[in-house]
>>> print(open('input10.txt').read())   # compact mmCIF, C-alpha atoms and all ligand atoms
# COMPACT_ATOMS: atom_id res chain seq x y z
CA MET A 246 29.43 68.09 -44.17
CA GLU A 247 25.85 68.83 -43.22
CA LEU A 248 23.06 67.09 -45.10
CA GLU A 249 22.01 70.34 -46.77
CA HIS A 250 25.59 70.77 -48.06
CA LEU A 251 25.54 67.19 -49.30
CA LEU A 252 22.35 67.94 -51.21
CA ASN A 253 23.73 71.18 -52.63
CA SER A 254 26.92 69.43 -53.76
CA ILE A 255 24.93 67.38 -56.28
CA THR A 256 24.43 69.04 -59.62
CA ALA A 257 22.38 68.18 -62.69
CA GLU A 258 25.56 66.68 -64.22
CA ASN A 259 25.31 63.88 -61.62
CA LYS A 260 21.65 63.21 -62.45
CA LYS A 261 20.53 59.62 -61.83
CA THR A 262 17.37 57.60 -62.40
CA VAL A 263 15.56 56.33 -59.30
CA ALA A 264 13.02 53.46 -59.37
CA VAL A 265 10.53 53.86 -56.51
CA ALA A 266 8.68 50.80 -55.18
CA ALA A 267 5.08 51.70 -54.17
CA ALA A 268 5.39 55.42 -54.92
CA GLU A 269 1.75 56.19 -53.99
CA ASP A 270 2.60 58.23 -50.89
CA GLU A 271 2.50 61.96 -50.28
CA GLU A 272 5.92 62.28 -48.55
CA VAL A 273 7.50 60.16 -51.29
CA ILE A 274 6.02 62.35 -54.04
CA LYS A 275 7.09 65.53 -52.20
CA SER A 276 10.68 64.24 -52.14
CA VAL A 277 10.40 63.23 -55.81
CA LYS A 278 9.23 66.77 -56.65
CA GLN A 279 12.16 68.38 -54.83
CA ALA A 280 14.77 66.07 -56.36
CA TYR A 281 13.18 66.45 -59.80
CA GLU A 282 13.02 70.24 -59.62
CA ARG A 283 16.65 70.40 -58.47
CA GLY A 284 17.49 68.35 -61.57
CA ILE A 285 19.35 65.66 -59.60
CA ALA A 286 17.12 62.70 -60.47
CA SER A 287 14.52 61.39 -62.85
CA PHE A 288 12.09 58.75 -61.61
CA ILE A 289 10.35 55.51 -62.50
CA LEU A 290 7.34 55.44 -60.16
CA VAL A 291 6.10 51.89 -59.65
CA GLY A 292 2.80 51.16 -57.91
CA ASN A 293 -0.86 52.19 -57.97
CA ALA A 294 -0.89 54.39 -61.11
CA GLU A 295 -4.19 56.08 -60.28
CA LYS A 296 -2.99 57.21 -56.84
CA ILE A 297 0.45 58.18 -58.18
CA ASN A 298 -1.14 60.29 -60.95
CA PHE A 299 -3.45 61.96 -58.45
CA LEU A 300 -0.50 62.95 -56.24
CA LEU A 301 1.55 64.13 -59.22
CA GLN A 302 -1.34 66.43 -60.27
CA GLN A 303 -1.65 67.68 -56.70
CA TYR A 304 2.04 68.63 -56.66
CA ASN A 305 1.97 70.18 -60.15
CA LEU A 306 4.02 67.39 -61.69
CA GLY A 307 1.23 66.15 -63.95
CA ASP A 308 3.02 67.25 -67.15
CA ALA A 309 6.57 66.55 -66.02
CA SER A 310 8.74 64.68 -68.49
CA ASP A 311 11.28 62.25 -67.02
CA LEU A 312 8.68 60.80 -64.64
CA GLN A 313 7.59 57.37 -65.82
CA ILE A 314 4.75 55.48 -64.14
CA ILE A 315 4.55 51.67 -64.06
CA GLU A 316 1.33 50.09 -62.80
CA ALA A 317 1.92 47.31 -60.25
CA ASN A 318 -0.16 45.95 -57.40
CA SER A 319 1.21 45.97 -53.86
CA GLY A 320 2.51 42.40 -54.16
CA GLN A 321 4.45 43.16 -57.35
CA ALA A 322 5.71 46.71 -56.82
CA ALA A 323 8.95 45.78 -55.04
CA LEU A 324 10.11 43.23 -57.60
CA GLU A 325 9.05 45.43 -60.55
CA ALA A 326 11.08 48.34 -59.15
CA VAL A 327 14.07 46.08 -58.40
CA LYS A 328 13.94 44.77 -61.99
CA ARG A 329 14.19 48.35 -63.31
CA VAL A 330 17.50 48.64 -61.45
CA SER A 331 18.91 45.18 -62.21
CA SER A 332 18.14 45.70 -65.93
CA GLY A 333 20.00 49.02 -65.92
CA GLN A 334 16.97 51.26 -66.60
CA ALA A 335 17.45 52.87 -63.19
CA ASP A 336 20.57 53.57 -61.10
CA ILE A 337 19.03 53.69 -57.63
CA LEU A 338 16.17 51.83 -55.88
CA MET A 339 13.92 53.66 -53.41
CA LYS A 340 11.46 52.35 -50.85
CA GLY A 341 8.00 53.89 -51.02
CA MET A 342 4.86 52.89 -49.12
CA ILE A 343 5.93 49.30 -48.57
CA PRO A 344 7.21 47.31 -45.57
CA THR A 345 11.01 47.18 -45.43
CA SER A 346 11.12 43.38 -45.37
CA ASP A 347 9.00 43.16 -48.58
CA LEU A 348 11.39 45.46 -50.41
CA LEU A 349 14.48 43.66 -49.09
CA LYS A 350 13.16 40.23 -50.04
CA ALA A 351 12.86 41.50 -53.63
CA VAL A 352 16.37 42.97 -53.41
CA LEU A 353 17.67 39.55 -52.32
CA ASN A 354 15.75 37.72 -55.08
CA LYS A 355 18.23 35.31 -56.67
CA GLU A 356 17.23 35.97 -60.30
CA ALA A 357 16.25 39.64 -60.51
CA GLY A 358 17.72 41.02 -57.29
CA LEU A 359 20.69 43.21 -56.49
CA ARG A 360 22.97 40.82 -54.59
CA THR A 361 26.75 41.12 -54.91
CA GLY A 362 27.90 38.24 -52.71
CA LYS A 363 28.66 40.75 -49.95
CA ILE A 364 26.53 41.59 -46.93
CA LEU A 365 23.95 44.30 -47.58
CA SER A 366 23.40 46.67 -44.66
CA HIS A 367 21.60 49.83 -43.63
CA VAL A 368 23.59 53.02 -43.11
CA ALA A 369 21.96 56.18 -41.78
CA ALA A 370 23.74 59.56 -41.76
CA PHE A 371 22.44 61.84 -39.01
CA GLU A 372 22.88 65.55 -38.54
CA VAL A 373 22.31 65.84 -34.79
CA PRO A 374 21.90 69.28 -33.21
CA GLY A 375 24.98 69.90 -31.03
CA TYR A 376 27.20 67.17 -32.55
CA ASP A 377 30.07 68.57 -34.61
CA ARG A 378 29.93 66.07 -37.46
CA LEU A 379 27.56 63.77 -39.31
CA VAL A 380 27.19 60.55 -37.35
CA PHE A 381 26.46 57.29 -39.16
CA VAL A 382 24.42 54.59 -37.45
CA THR A 383 24.53 51.02 -38.70
CA ASP A 384 22.58 48.70 -38.94
CA SER A 385 19.12 50.00 -37.97
CA GLY A 386 17.12 48.40 -40.73
CA MET A 387 18.31 45.19 -42.36
CA ASN A 388 20.51 42.73 -40.44
CA ILE A 389 18.57 41.47 -37.43
CA ASN A 390 21.29 39.90 -35.29
CA PRO A 391 24.59 39.99 -37.18
CA ASP A 392 27.47 37.68 -36.24
CA LEU A 393 31.10 38.78 -36.02
CA GLN A 394 31.89 38.28 -39.70
CA GLN A 395 28.73 40.12 -40.72
CA LYS A 396 29.53 42.99 -38.33
CA ALA A 397 32.96 43.32 -39.97
CA GLN A 398 31.31 43.72 -43.39
CA ILE A 399 28.66 46.08 -42.00
CA ILE A 400 31.50 48.30 -40.72
CA GLU A 401 33.22 48.33 -44.12
CA ASN A 402 29.94 49.16 -45.89
CA ALA A 403 29.39 52.13 -43.58
CA ALA A 404 33.02 53.26 -43.87
CA LEU A 405 32.75 53.35 -47.67
CA ILE A 406 29.56 55.43 -47.48
CA ALA A 407 31.22 57.85 -45.04
CA LYS A 408 34.29 58.11 -47.27
CA GLY A 409 32.03 58.76 -50.25
CA ILE A 410 30.85 61.96 -48.65
CA GLY A 411 34.26 63.13 -47.58
CA VAL A 412 35.15 61.53 -44.21
CA ARG A 413 38.78 60.58 -44.92
CA MET A 414 39.36 57.90 -42.26
CA PRO A 415 36.08 57.19 -40.47
CA LYS A 416 36.27 56.44 -36.75
CA VAL A 417 34.03 53.52 -35.83
CA ALA A 418 32.74 52.97 -32.30
CA VAL A 419 31.48 49.44 -31.67
CA LEU A 420 28.68 49.99 -29.19
CA ALA A 421 27.91 47.91 -26.14
CA ALA A 422 26.35 48.59 -22.75
CA VAL A 423 29.79 48.88 -21.10
CA GLU A 424 33.32 49.70 -22.20
CA THR A 425 34.95 46.66 -20.61
CA ILE A 426 34.83 43.03 -21.74
CA ASN A 427 32.07 41.05 -20.06
CA PRO A 428 31.93 37.44 -21.29
CA SER A 429 28.17 37.42 -20.60
CA MET A 430 27.67 40.26 -23.08
CA GLN A 431 28.34 39.04 -26.63
CA ALA A 432 28.45 42.63 -27.91
CA THR A 433 31.58 43.33 -25.82
CA LEU A 434 33.34 40.18 -27.09
CA ASP A 435 32.51 41.03 -30.71
CA ALA A 436 33.65 44.63 -30.19
CA SER A 437 36.99 43.49 -28.88
CA ALA A 438 37.46 41.05 -31.78
CA LEU A 439 36.48 43.73 -34.34
CA THR A 440 39.06 46.11 -32.85
CA VAL A 441 41.80 43.51 -33.26
CA MET A 442 40.57 42.58 -36.76
CA ASN A 443 40.90 46.25 -37.73
CA LYS A 444 44.42 46.53 -36.25
CA ARG A 445 45.50 43.41 -38.18
CA GLY A 446 44.08 44.67 -41.48
CA GLN A 447 41.00 42.41 -41.64
CA ILE A 448 38.70 45.47 -41.64
CA SER A 449 39.85 48.34 -43.85
CA HIS A 450 38.94 51.94 -44.67
CA CYS A 451 38.44 52.98 -41.02
CA ILE A 452 39.67 52.96 -37.41
CA VAL A 453 37.65 50.63 -35.17
CA GLU A 454 37.48 50.74 -31.37
CA GLY A 455 35.25 49.02 -28.87
CA PRO A 456 33.50 48.13 -26.76
CA LEU A 457 32.31 51.68 -26.13
CA ALA A 458 29.08 52.75 -24.48
CA LEU A 459 27.21 55.45 -26.41
CA ASP A 460 28.32 58.28 -24.10
CA ASN A 461 32.03 57.38 -24.40
CA ALA A 462 31.65 57.08 -28.17
CA ILE A 463 30.26 60.58 -28.77
CA SER A 464 31.33 62.71 -25.78
CA THR A 465 34.99 63.46 -25.04
CA GLU A 466 33.97 64.61 -21.55
CA ALA A 467 32.28 61.27 -20.85
CA ALA A 468 35.26 59.35 -22.25
CA GLU A 469 37.78 61.39 -20.20
CA HIS A 470 35.63 61.00 -17.10
CA LYS A 471 35.94 57.23 -17.43
CA GLY A 472 39.62 57.41 -18.36
CA ILE A 473 39.05 56.07 -21.87
CA SER A 474 41.54 57.28 -24.45
CA GLY A 475 42.07 56.33 -28.07
CA GLU A 476 41.40 57.68 -31.52
CA VAL A 477 37.66 56.99 -31.54
CA ALA A 478 36.38 57.64 -27.99
CA GLY A 479 34.34 60.85 -27.89
CA LYS A 480 34.60 61.54 -31.61
CA ALA A 481 33.01 58.63 -33.44
CA ASP A 482 31.86 59.08 -37.03
CA ILE A 483 30.19 55.66 -37.20
CA LEU A 484 28.24 53.85 -34.48
CA LEU A 485 27.97 50.08 -35.01
CA VAL A 486 25.05 48.76 -32.97
CA PRO A 487 24.93 45.13 -31.77
CA ALA A 488 21.48 44.29 -33.17
CA ILE A 489 18.59 45.80 -35.13
CA GLU A 490 16.50 46.71 -32.05
CA THR A 491 19.21 49.00 -30.68
CA GLY A 492 19.80 50.52 -34.10
CA ASN A 493 16.15 51.08 -34.87
CA ALA A 494 15.48 52.66 -31.48
CA LEU A 495 18.58 54.87 -31.81
CA TYR A 496 17.51 55.90 -35.35
CA LYS A 497 14.02 56.87 -34.22
CA SER A 498 15.09 58.49 -30.95
CA LEU A 499 17.58 60.71 -32.78
CA ILE A 500 14.76 61.94 -35.01
CA TYR A 501 11.92 62.18 -32.50
CA PHE A 502 13.79 63.20 -29.31
CA SER A 503 16.72 65.17 -30.76
CA GLY A 504 15.26 66.69 -33.92
CA ALA A 505 18.05 65.11 -35.97
CA LYS A 506 17.93 65.10 -39.76
CA VAL A 507 18.71 61.89 -41.59
CA GLY A 508 19.60 60.43 -44.96
CA ALA A 509 19.74 56.64 -45.20
CA VAL A 510 20.63 53.91 -47.69
CA ILE A 511 21.24 50.19 -47.95
CA ALA A 512 24.89 49.66 -48.92
CA GLY A 513 26.64 46.63 -50.38
CA ALA A 514 24.11 45.94 -53.15
CA ARG A 515 24.66 46.35 -56.90
CA ALA A 516 23.05 49.78 -56.59
CA PRO A 517 22.35 52.09 -53.65
CA ILE A 518 18.91 51.67 -52.11
CA VAL A 519 17.13 54.62 -50.49
CA LEU A 520 15.61 53.20 -47.33
CA THR A 521 14.00 55.38 -44.71
CA SER A 522 11.13 54.65 -42.38
CA ARG A 523 7.72 55.05 -44.03
CA ALA A 524 6.94 57.74 -41.42
CA ASP A 525 10.09 59.75 -42.23
CA SER A 526 9.66 63.20 -43.77
CA ALA A 527 10.01 64.19 -47.42
CA GLU A 528 13.19 66.03 -46.38
CA SER A 529 14.72 62.78 -45.04
CA LYS A 530 13.80 61.00 -48.25
CA LEU A 531 15.39 63.82 -50.29
CA PHE A 532 18.61 63.67 -48.21
CA SER A 533 18.61 59.89 -48.73
CA ILE A 534 18.35 60.33 -52.50
CA ALA A 535 21.29 62.77 -52.28
CA LEU A 536 23.31 60.23 -50.24
CA ALA A 537 22.56 57.52 -52.81
CA VAL A 538 23.59 59.75 -55.73
CA LYS A 539 26.81 60.74 -53.93
CA THR A 540 27.56 57.08 -53.16
CA LEU A 541 27.24 56.18 -56.83
CA GLN A 542 29.45 59.09 -57.83
CA HIS A 543 32.15 57.97 -55.38
CA LYS A 544 31.90 54.36 -56.63
CA ASN A 545 32.52 55.55 -60.18
CA THR A 546 35.60 57.66 -59.38
C1 LIG B 601 15.65 52.20 -40.14
C2 LIG B 601 14.56 52.82 -40.84
C3 LIG B 601 13.65 51.94 -41.58
C4 LIG B 601 13.03 50.93 -40.69
O1 LIG B 601 12.47 51.19 -39.68
S1 LIG B 601 13.23 49.33 -41.22
C5 LIG B 601 12.27 48.33 -40.17
C6 LIG B 601 13.01 47.18 -39.63
N1 LIG B 601 13.60 46.32 -40.65
C7 LIG B 601 13.03 45.16 -41.03
O2 LIG B 601 11.94 44.80 -40.64
C8 LIG B 601 13.86 44.26 -41.92
C9 LIG B 601 14.64 43.28 -41.08
N2 LIG B 601 15.22 42.19 -41.87
C10 LIG B 601 14.49 41.18 -42.37
O3 LIG B 601 13.27 41.17 -42.27
C11 LIG B 601 15.21 40.06 -43.05
O4 LIG B 601 16.49 39.90 -42.54
C12 LIG B 601 15.32 40.22 -44.61
C13 LIG B 601 16.32 41.31 -44.97
C14 LIG B 601 13.94 40.56 -45.20
C15 LIG B 601 15.79 38.90 -45.19
O5 LIG B 601 14.86 37.96 -44.77
P1 LIG B 601 14.69 36.52 -45.48
O6 LIG B 601 14.34 36.71 -46.92
O7 LIG B 601 13.81 35.73 -44.60
O8 LIG B 601 16.19 36.12 -45.38
P2 LIG B 601 16.94 34.80 -45.06
O9 LIG B 601 17.69 35.08 -43.80
O10 LIG B 601 16.09 33.60 -45.15
O11 LIG B 601 17.96 34.81 -46.28
C16 LIG B 601 17.57 34.65 -47.62
C17 LIG B 601 18.80 34.78 -48.47
O12 LIG B 601 19.22 36.17 -48.44
C18 LIG B 601 20.54 36.26 -47.92
N3 LIG B 601 20.62 37.45 -47.06
C19 LIG B 601 19.84 37.72 -46.00
N4 LIG B 601 20.21 38.90 -45.47
C20 LIG B 601 21.25 39.34 -46.22
C21 LIG B 601 22.09 40.48 -46.17
N5 LIG B 601 21.94 41.41 -45.22
N6 LIG B 601 23.03 40.64 -47.10
C22 LIG B 601 23.22 39.71 -48.07
N7 LIG B 601 22.47 38.60 -48.17
C23 LIG B 601 21.50 38.42 -47.25
C24 LIG B 601 20.74 34.98 -47.12
O13 LIG B 601 22.11 34.68 -46.99
C25 LIG B 601 19.99 33.98 -47.94
O14 LIG B 601 20.79 33.63 -49.04
P3 LIG B 601 20.70 32.18 -49.72
O15 LIG B 601 19.29 32.05 -50.22
O16 LIG B 601 21.02 31.21 -48.65
O17 LIG B 601 21.71 32.24 -50.83
>>> encode(input="input10.txt", output="structure tokens", more="lines below")
Ligand SMILES: CCCC(=O)SCCNC(=O)CCNC(=O)[C@H](O)C(C)(C)COP(=O)(O)OP(=O)(O)OC[C@H]1O[C@@H](n2cnc3c(N)ncnc32)[C@H](O)[C@@H]1OP(=O)(O)O
Amino acid sequence: MELEHLLNSITAENKKTVAVAAAEDEEVIKSVKQAYERGIASFILVGNAEKINFLLQQYNLGDASDLQIIEANSGQAALEAVKRVSSGQADILMKGMIPTSDLLKAVLNKEAGLRTGKILSHVAAFEVPGYDRLVFVTDSGMNINPDLQQKAQIIENAALIAKGIGVRMPKVAVLAAVETINPSMQATLDASALTVMNKRGQISHCIVEGPLALDNAISTEAAEHKGISGEVAGKADILLVPAIETGNALYKSLIYFSGAKVGAVIAGARAPIVLTSRADSAESKLFSIALAVKTLQHKNT
């Protein structure tokens, strides 16, 4: 399913309320306008009310009903937006013009946050020109250096998001620099353990294989060339990266070098969290809202 199809599959019947932390940003307001005009979301815009109002006027949303503005300074915006979700006034949280770590600290807040007891992790769905399916990259934005147990939960979070948009049994490639076990490379040891954990039922909802280098994960020619067979090699739906630096560089290189489109959320929390890079386009933010709405829909079925 392409991201445009994902967006078109959401109707006004599925309409959700999104609380945006630090909404005073042009790309954020453009995505708000598109989601609002499609009837798929109403918004609680938290942040600098003067700037938000100015942008709403600029985009002809000055008189729009269903757009609530809450004044909050930059230090308060994240927690105020999170509280709108934890209190049930909003269904989805969205990052605006705020550093990721500030938003996530509010999400992890023990009293008002959105913890579930599970690992929260970033899942990005990419439509890459020339690749025949959406490819999910995890974790590019939250977990800095996950251990084996955390990687297992990160895989399950991504698998549930992929299933939510119609991938029946997601194929997960655990990425490393090589496709053989090298005891000096922790990523290869973890990949091997995750593969066994999946075979023994400790990781569900997906098929896991690794270690795989990126080429063997996404190109059947590259996999065949190296004599790698299996259900995942060459046709991965999900790429698990070993650490945030790899994930973040892969995320940004797909967008800037390959012209990929993206929709991204934090999974595993009490509610989906729209989390793109601040520099990402309004279109990416809109696709991310669509992914969050679809995730909620799937959770409720
Ligand atoms: C990809 C596109 C967008 C981007 O480019 S994003 C840019 C890159 N991303 C970032 O800079 C964020 C990277 N991550 C971080 O900064 C931090 O890990 C993060 C999420 C802010 C948490 O930092 P701290 O608050 O310092 O966390 P901490 O390790 O001291 O833990 C505090 C409590 O929170 C818990 N926690 C941390 N990460 C968690 C997770 N993933 N899932 C569930 N719980 C988590 C942790 O267990 C701890 O709990 P407790 O207080 O001991 O009960």
>>> residues_near_ligand(input="input10.txt", ligand="ligand LIG 601 (chain B)", cutoff="8 Å", atoms="all atoms listed in the file", output="compact mmCIF listing (two decimals) with C-alpha atoms, in the frame of the given file")
# COMPACT_ATOMS: atom_id res chain seq x y z
CA PRO A 344 7.21 47.31 -45.57
CA THR A 345 11.01 47.18 -45.43
CA SER A 346 11.12 43.38 -45.37
CA ASP A 347 9.00 43.16 -48.58
CA LEU A 348 11.39 45.46 -50.41
CA LEU A 349 14.48 43.66 -49.09
CA LYS A 350 13.16 40.23 -50.04
CA LEU A 353 17.67 39.55 -52.32
CA ASN A 354 15.75 37.72 -55.08
CA LYS A 355 18.23 35.31 -56.67
CA ARG A 360 22.97 40.82 -54.59
CA THR A 361 26.75 41.12 -54.91
CA GLY A 362 27.90 38.24 -52.71
CA LYS A 363 28.66 40.75 -49.95
CA ILE A 364 26.53 41.59 -46.93
CA LEU A 365 23.95 44.30 -47.58
CA SER A 366 23.40 46.67 -44.66
CA HIS A 367 21.60 49.83 -43.63
CA ALA A 369 21.96 56.18 -41.78
CA ASP A 384 22.58 48.70 -38.94
CA SER A 385 19.12 50.00 -37.97
CA GLY A 386 17.12 48.40 -40.73
CA MET A 387 18.31 45.19 -42.36
CA ASN A 388 20.51 42.73 -40.44
CA ILE A 389 18.57 41.47 -37.43
CA ILE A 489 18.59 45.80 -35.13
CA GLY A 492 19.80 50.52 -34.10
CA ASN A 493 16.15 51.08 -34.87
CA TYR A 496 17.51 55.90 -35.35
CA LYS A 497 14.02 56.87 -34.22
CA ALA A 509 19.74 56.64 -45.20
CA GLY A 513 26.64 46.63 -50.38
CA LEU A 520 15.61 53.20 -47.33
CA THR A 521 14.00 55.38 -44.71
CA SER A 522 11.13 54.65 -42.38
CA ARG A 523 7.72 55.05 -44.03
>>> residues_near_point(input="input10.txt", point="(14.5, 63.3, -48.2)", cutoff="10 Å", atoms="all atoms listed in the file", output="list in words")
Leu248, Leu252, Glu272, Val273, Lys275, Ser276, Val277, Gln279, Ala280, Lys506, Val507, Gly508, Ala509, Val519, Thr521, Asp525, Ser526, Ala527, Glu528, Ser529, Lys530, Leu531, Phe532, Ser533, Ile534, Ala535 and Leu536 of chain A
>>> closest_residue(input="input10.txt", among="A:Gly455, A:Pro391, A:Gly320, A:Pro428", to="Asn443 (chain A)", atoms="all atoms listed in the file")
A:Gly455
>>> residues_around(input="input10.txt", residues="Lys539 (chain A)", least_positions_apart="5", cutoff="10 Å", atoms="all atoms listed in the file", output="list in words")
Leu251, Leu252, Ser254, Ile255, Asn259, Ile406, Gly409, Ile410, Pro517, Ser533, Ile534, Lys544 and Asn545 of chain A
>>> residues_around(input="input10.txt", residues="region 329-338 of chain A", least_positions_apart="6", cutoff="8 Å", atoms="only C-alpha atoms", output="PyMOL selection string")
chain A and resi 261-266+289+357-359+515-519+537-538
>>> atom_distance(input="input10.txt", atom1="CA of Glu356 (chain A)", atom2="CA of Val327 (chain A)")
10.8 Å
>>> residues_around(input="input10.txt", residues="Gln303 (chain A)", least_positions_apart="2", cutoff="12 Å", atoms="all atoms listed in the file", output="PyMOL selection string")
chain A and resi 270-271+274-275+278+296-301+305-308
>>> residues_around(input="input10.txt", residues="Thr491 (chain A)", least_positions_apart="4", cutoff="10 Å", atoms="all atoms listed in the file", output="list of chain:residue names")
A:Thr383, A:Asp384, A:Ser385, A:Leu420, A:Ala421, A:Leu485, A:Val486, A:Pro487, A:Leu495, A:Tyr496
>>> closest_atom_pairs(input="input10.txt", of="region 336-416 of chain A", to="region 458-471 of chain A", cutoff="12 Å", atoms="only C-alpha atoms", output="JSON lines")
{"residue": "A:Val373", "atom": "CA", "partner": "A:Ile463", "partner_atom": "CA", "distance": 11.3}
{"residue": "A:Gly375", "atom": "CA", "partner": "A:Ser464", "partner_atom": "CA", "distance": 10.9}
{"residue": "A:Tyr376", "atom": "CA", "partner": "A:Ile463", "partner_atom": "CA", "distance": 8.2}
{"residue": "A:Asp377", "atom": "CA", "partner": "A:Ile463", "partner_atom": "CA", "distance": 9.9}
{"residue": "A:Arg378", "atom": "CA", "partner": "A:Ile463", "partner_atom": "CA", "distance": 10.3}
{"residue": "A:Leu379", "atom": "CA", "partner": "A:Ile463", "partner_atom": "CA", "distance": 11.3}
{"residue": "A:Val380", "atom": "CA", "partner": "A:Ile463", "partner_atom": "CA", "distance": 9.1}
{"residue": "A:Phe381", "atom": "CA", "partner": "A:Ile463", "partner_atom": "CA", "distance": 11.5}
{"residue": "A:Val382", "atom": "CA", "partner": "A:Leu459", "partner_atom": "CA", "distance": 11.4}
{"residue": "A:Lys416", "atom": "CA", "partner": "A:Ala462", "partner_atom": "CA", "distance": 9.8}
>>> atom_distance(input="input10.txt", atom1="CA of Ser437 (chain A)", atom2="CA of Val419 (chain A)")
8.6 Å
>>> atom_distance(input="input10.txt", atom1="CA of Gln313 (chain A)", atom2="CA of Phe288 (chain A)")
6.3 Å
>>> closest_residue(input="input10.txt", among="A:Ala267, A:Val352, A:Ala478, A:Ile343", to="Ile314 (chain A)", atoms="all atoms listed in the file")
A:Ala267
>>> residues_around(input="input10.txt", residues="Asn253 (chain A)", least_positions_apart="6", cutoff="10 Å", atoms="only C-alpha atoms", output="list of chain:residue names")
A:Glu247, A:Arg283, A:Ile285, A:Ala535
>>> closest_residue(input="input10.txt", among="A:Ala494, A:Ile315, A:Val417, A:Ala309", to="Asn293 (chain A)", atoms="all atoms listed in the file")
A:Ile315
>>> closest_residue(input="input10.txt", among="A:Glu325, A:Glu476, A:Glu258, A:Glu401", to="Ser449 (chain A)", atoms="only C-alpha atoms")
A:Glu401
>>> closest_residue(input="input10.txt", among="A:Ala438, A:Val368, A:Ala418, A:Ile511", to="Gln394 (chain A)", atoms="all atoms listed in the file")
A:Ala438
>>> residues_near_point(input="input10.txt", point="(39.2, 42.8, -31.1)", cutoff="12 Å", atoms="all atoms listed in the file", output="list in words")
Leu393, Ala397, Val419, Thr425, Ile426, Ala432, Thr433, Leu434, Asp435, Ala436, Ser437, Ala438, Leu439, Thr440, Val441, Met442, Asn443, Lys444, Arg445, Gly446, Gln447, Ile448, Ile452, Val453, Glu454, Gly455 and Pro456 of chain A
>>> closest_residue(input="input10.txt", among="A:Glu282, A:Glu269, A:Glu295, A:Glu372", to="Ala322 (chain A)", atoms="all atoms listed in the file")
A:Glu269
>>> decode(input="input10.txt", residues="region 485-500 of chain A", atoms="N, CA and C atoms", output="PDB file, in the first residue's frame")
ATOM      1  N   LEU A 485      15.355  -3.595  10.957  1.00  0.00           N
ATOM      2  CA  LEU A 485      15.739  -3.243  12.333  1.00  0.00           C
ATOM      3  C   LEU A 485      17.199  -2.809  12.304  1.00  0.00           C
ATOM      4  N   VAL A 486      17.465  -1.584  12.718  1.00  0.00           N
ATOM      5  CA  VAL A 486      18.850  -1.095  12.723  1.00  0.00           C
ATOM      6  C   VAL A 486      19.459  -1.325  14.106  1.00  0.00           C
ATOM      7  N   PRO A 487      20.797  -1.453  14.175  1.00  0.00           N
ATOM      8  CA  PRO A 487      21.406  -1.758  15.481  1.00  0.00           C
ATOM      9  C   PRO A 487      21.359  -0.609  16.477  1.00  0.00           C
ATOM     10  N   ALA A 488      21.421   0.634  15.999  1.00  0.00           N
ATOM     11  CA  ALA A 488      21.459   1.772  16.935  1.00  0.00           C
ATOM     12  C   ALA A 488      20.908   3.013  16.228  1.00  0.00           C
ATOM     13  N   ILE A 489      20.633   4.052  17.019  1.00  0.00           N
ATOM     14  CA  ILE A 489      19.917   5.218  16.491  1.00  0.00           C
ATOM     15  C   ILE A 489      20.699   5.927  15.367  1.00  0.00           C
ATOM     16  N   GLU A 490      22.030   5.913  15.433  1.00  0.00           N
ATOM     17  CA  GLU A 490      22.797   6.639  14.408  1.00  0.00           C
ATOM     18  C   GLU A 490      22.554   6.035  13.028  1.00  0.00           C
ATOM     19  N   THR A 491      22.571   4.699  12.956  1.00  0.00           N
ATOM     20  CA  THR A 491      22.317   4.028  11.673  1.00  0.00           C
ATOM     21  C   THR A 491      20.904   4.356  11.200  1.00  0.00           C
ATOM     22  N   GLY A 492      19.964   4.253  12.125  1.00  0.00           N
ATOM     23  CA  GLY A 492      18.556   4.468  11.767  1.00  0.00           C
ATOM     24  C   GLY A 492      18.300   5.887  11.300  1.00  0.00           C
ATOM     25  N   ASN A 493      18.884   6.839  12.025  1.00  0.00           N
ATOM     26  CA  ASN A 493      18.644   8.238  11.682  1.00  0.00           C
ATOM     27  C   ASN A 493      19.282   8.584  10.334  1.00  0.00           C
ATOM     28  N   ALA A 494      20.472   8.048  10.105  1.00  0.00           N
ATOM     29  CA  ALA A 494      21.141   8.315   8.818  1.00  0.00           C
ATOM     30  C   ALA A 494      20.379   7.634   7.679  1.00  0.00           C
ATOM     31  N   LEU A 495      19.877   6.422   7.929  1.00  0.00           N
ATOM     32  CA  LEU A 495      19.107   5.721   6.889  1.00  0.00           C
ATOM     33  C   LEU A 495      17.815   6.496   6.584  1.00  0.00           C
ATOM     34  N   TYR A 496      17.134   6.938   7.647  1.00  0.00           N
ATOM     35  CA  TYR A 496      15.889   7.722   7.506  1.00  0.00           C
ATOM     36  C   TYR A 496      16.143   8.944   6.620  1.00  0.00           C
ATOM     37  N   LYS A 497      17.196   9.680   6.955  1.00  0.00           N
ATOM     38  CA  LYS A 497      17.419  10.948   6.241  1.00  0.00           C
ATOM     39  C   LYS A 497      18.007  10.704   4.851  1.00  0.00           C
ATOM     40  N   SER A 498      18.790   9.646   4.682  1.00  0.00           N
ATOM     41  CA  SER A 498      19.321   9.386   3.341  1.00  0.00           C
ATOM     42  C   SER A 498      18.215   8.903   2.414  1.00  0.00           C
ATOM     43  N   LEU A 499      17.262   8.142   2.919  1.00  0.00           N
ATOM     44  CA  LEU A 499      16.149   7.723   2.055  1.00  0.00           C
ATOM     45  C   LEU A 499      15.391   8.943   1.537  1.00  0.00           C
ATOM     46  N   ILE A 500      15.206   9.936   2.405  1.00  0.00           N
ATOM     47  CA  ILE A 500      14.464  11.133   1.994  1.00  0.00           C
ATOM     48  C   ILE A 500      15.313  12.015   1.073  1.00  0.00           C
TER      49      ILE A 500
END
